[in-house]
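Have a look at the structure below before the remarks.
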Amino acid sequence: MRTVIYPGSFDPLTNGHLDVVQRAAKLFDRVVVAVAKSEDKRPLFTLDERLALVERSVKNLPNVKADAFDGLLIHYVEKQGALAVVRGLRAVSDFEFEFQLALMNRKLNERVETIFMMPKDTYTFLSSRIVKEIARLGGDVSAFVPAHVRQALSAKLAALPVQEN
Ligand code: ADP
């Protein structure tokens, strides 16, 4: 059973993330989309909300499951018995951080590989941060996220206290 972990904050999941998940699901027996607590990033959605959005997005992919984790990624990878970590690479700007992360994870456990996957070109400009920004400014994000994520974004933003500048 070849299991890979696709970790991230997924705040919220976008079509770019889903594209990477679908590609990984074709190559491996089992893909675990692992939603990191990422408290330091002050996420818009709670861990449970982010996990629920991922769960709903992958429910039609039989070899993909969603999970949440906190703490060191490599410990989670070991616990799951996974052989690799999958990360998405959009542009050169992603490279430096991802390279550092991959080499650090290799230092921590040299048996765990990191695999980089490139999304469809139309998703290379997409990030959770940009989607939140567009939604916050009243723009249409339906081309960038699944419908249920778009609805969750509208509901979340409507419930936020109005910020005074
Ligand atoms: P993190 O907080 O770990 O950066 P993200 O949810 O932002 O979490 O991203 C998780 C992974 O998905 C990262 O490897 C990131 O580069 C990748 N990713 C994010 N957006 C896209 C996209 N549009 N296309 C491909 N990969 C993406």
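Naming works like this for the structure tokens: A, B, ... for the chains as they're shown, residue 1 at the start of each chain, ligands 1 onward in shown order.
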- Hey, which residues come within 9 Å of ligand 1 if we count only C-alpha atoms and all ligand atoms? Could you give them as a VMD selection string? chain A and resid 6 to 20 35 to 36 38 41 86 to 91 94 to 95 98 116 to 129 144
- Task: Apply DSSP to the backbone of this structure and, from region 12-122 of chain A, keep only the residues in alpha helix (DSSP H); write these as a PyMOL selection string.
- Result: chain A and resi 15-27+47-58+73-80+92-108
- Task: Would you mind writing down, as a list in words, each residue of region 79-152 of chain A that DSSP on the backbone assigns to strand (DSSP E)?
- Result: Ala84, Val85, Val86, Arg87, Gly88, Glu113, Thr114, Ile115, Phe116 and Met117 of chain A
Writing out the chosen residues with N, CA and C atoms as a CSV table (one decimal), in the first residue's frame:
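Listed below is the output, result25.csv:
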chain,number,residue,atom,x,y,z
A,84,ALA,N,5.8,9.1,1.3
A,84,ALA,CA,6.2,10.4,0.7
A,84,ALA,C,5.2,11.5,1.1
A,85,VAL,N,5.8,12.7,0.9
A,85,VAL,CA,4.9,13.9,1.1
A,85,VAL,C,4.8,14.5,-0.3
A,86,VAL,N,3.5,14.9,-0.6
A,86,VAL,CA,3.3,15.6,-1.8
A,86,VAL,C,3.1,17.1,-1.6
A,87,ARG,N,3.7,17.9,-2.4
A,87,ARG,CA,3.6,19.3,-2.3
A,87,ARG,C,3.3,19.9,-3.7
A,88,GLY,N,2.6,21.0,-3.8
A,88,GLY,CA,2.3,21.6,-5.1
A,88,GLY,C,3.3,22.7,-5.4
A,113,GLU,N,10.3,10.6,1.2
A,113,GLU,CA,10.6,11.5,0.0
A,113,GLU,C,9.6,12.6,-0.1
A,114,THR,N,10.0,13.7,-0.8
A,114,THR,CA,9.0,14.8,-1.1
A,114,THR,C,8.8,14.8,-2.6
A,115,ILE,N,7.5,14.8,-3.0
A,115,ILE,CA,7.2,14.8,-4.4
A,115,ILE,C,6.5,16.1,-4.8
A,116,PHE,N,7.0,16.8,-5.8
A,116,PHE,CA,6.4,18.0,-6.2
A,116,PHE,C,5.5,17.8,-7.4
A,117,MET,N,4.3,18.3,-7.4
A,117,MET,CA,3.4,18.2,-8.5
A,117,MET,C,3.0,19.6,-9.0
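Minimum distance to Asp40 (chain A) across A:Asp70, A:Arg56, A:Val145, A:Gln151 (counting only C-alpha atoms) occurs at A:Asp70.
The space between CA of Leu27 (chain A) and CA of Arg2 (chain A) spans 9.2 Å.
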- Task: Find the distance between CA of Leu44 (chain A) and CA of Phe69 (chain A) and write it in Å to one decimal.
- Result: 17.3 Å
- Message: Which residue is closest to Val21 (chain A)? Choose from A:Ser154, A:Asn60, A:Asn105, A:Thr46 and count only C-alpha atoms.
- Response: A:Asn60
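Reported to one decimal place, the separation of CA of Asp29 (chain A) from CA of Pro146 (chain A) is 24.3 Å.
Proximity ranking of A:Val162, A:Val4, A:Ala82, A:Leu53 relative to Ala147 (chain A) places A:Leu53 first, based on only C-alpha atoms.
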- Item | Selection: 12 Å around Ala52 (chain A), only C-alpha atoms, excl. self and same-chain fewer than 3 positions, as a ChimeraX atom specification | /A:10-13,33-35,45-49,55-59,65-68,148-149,152
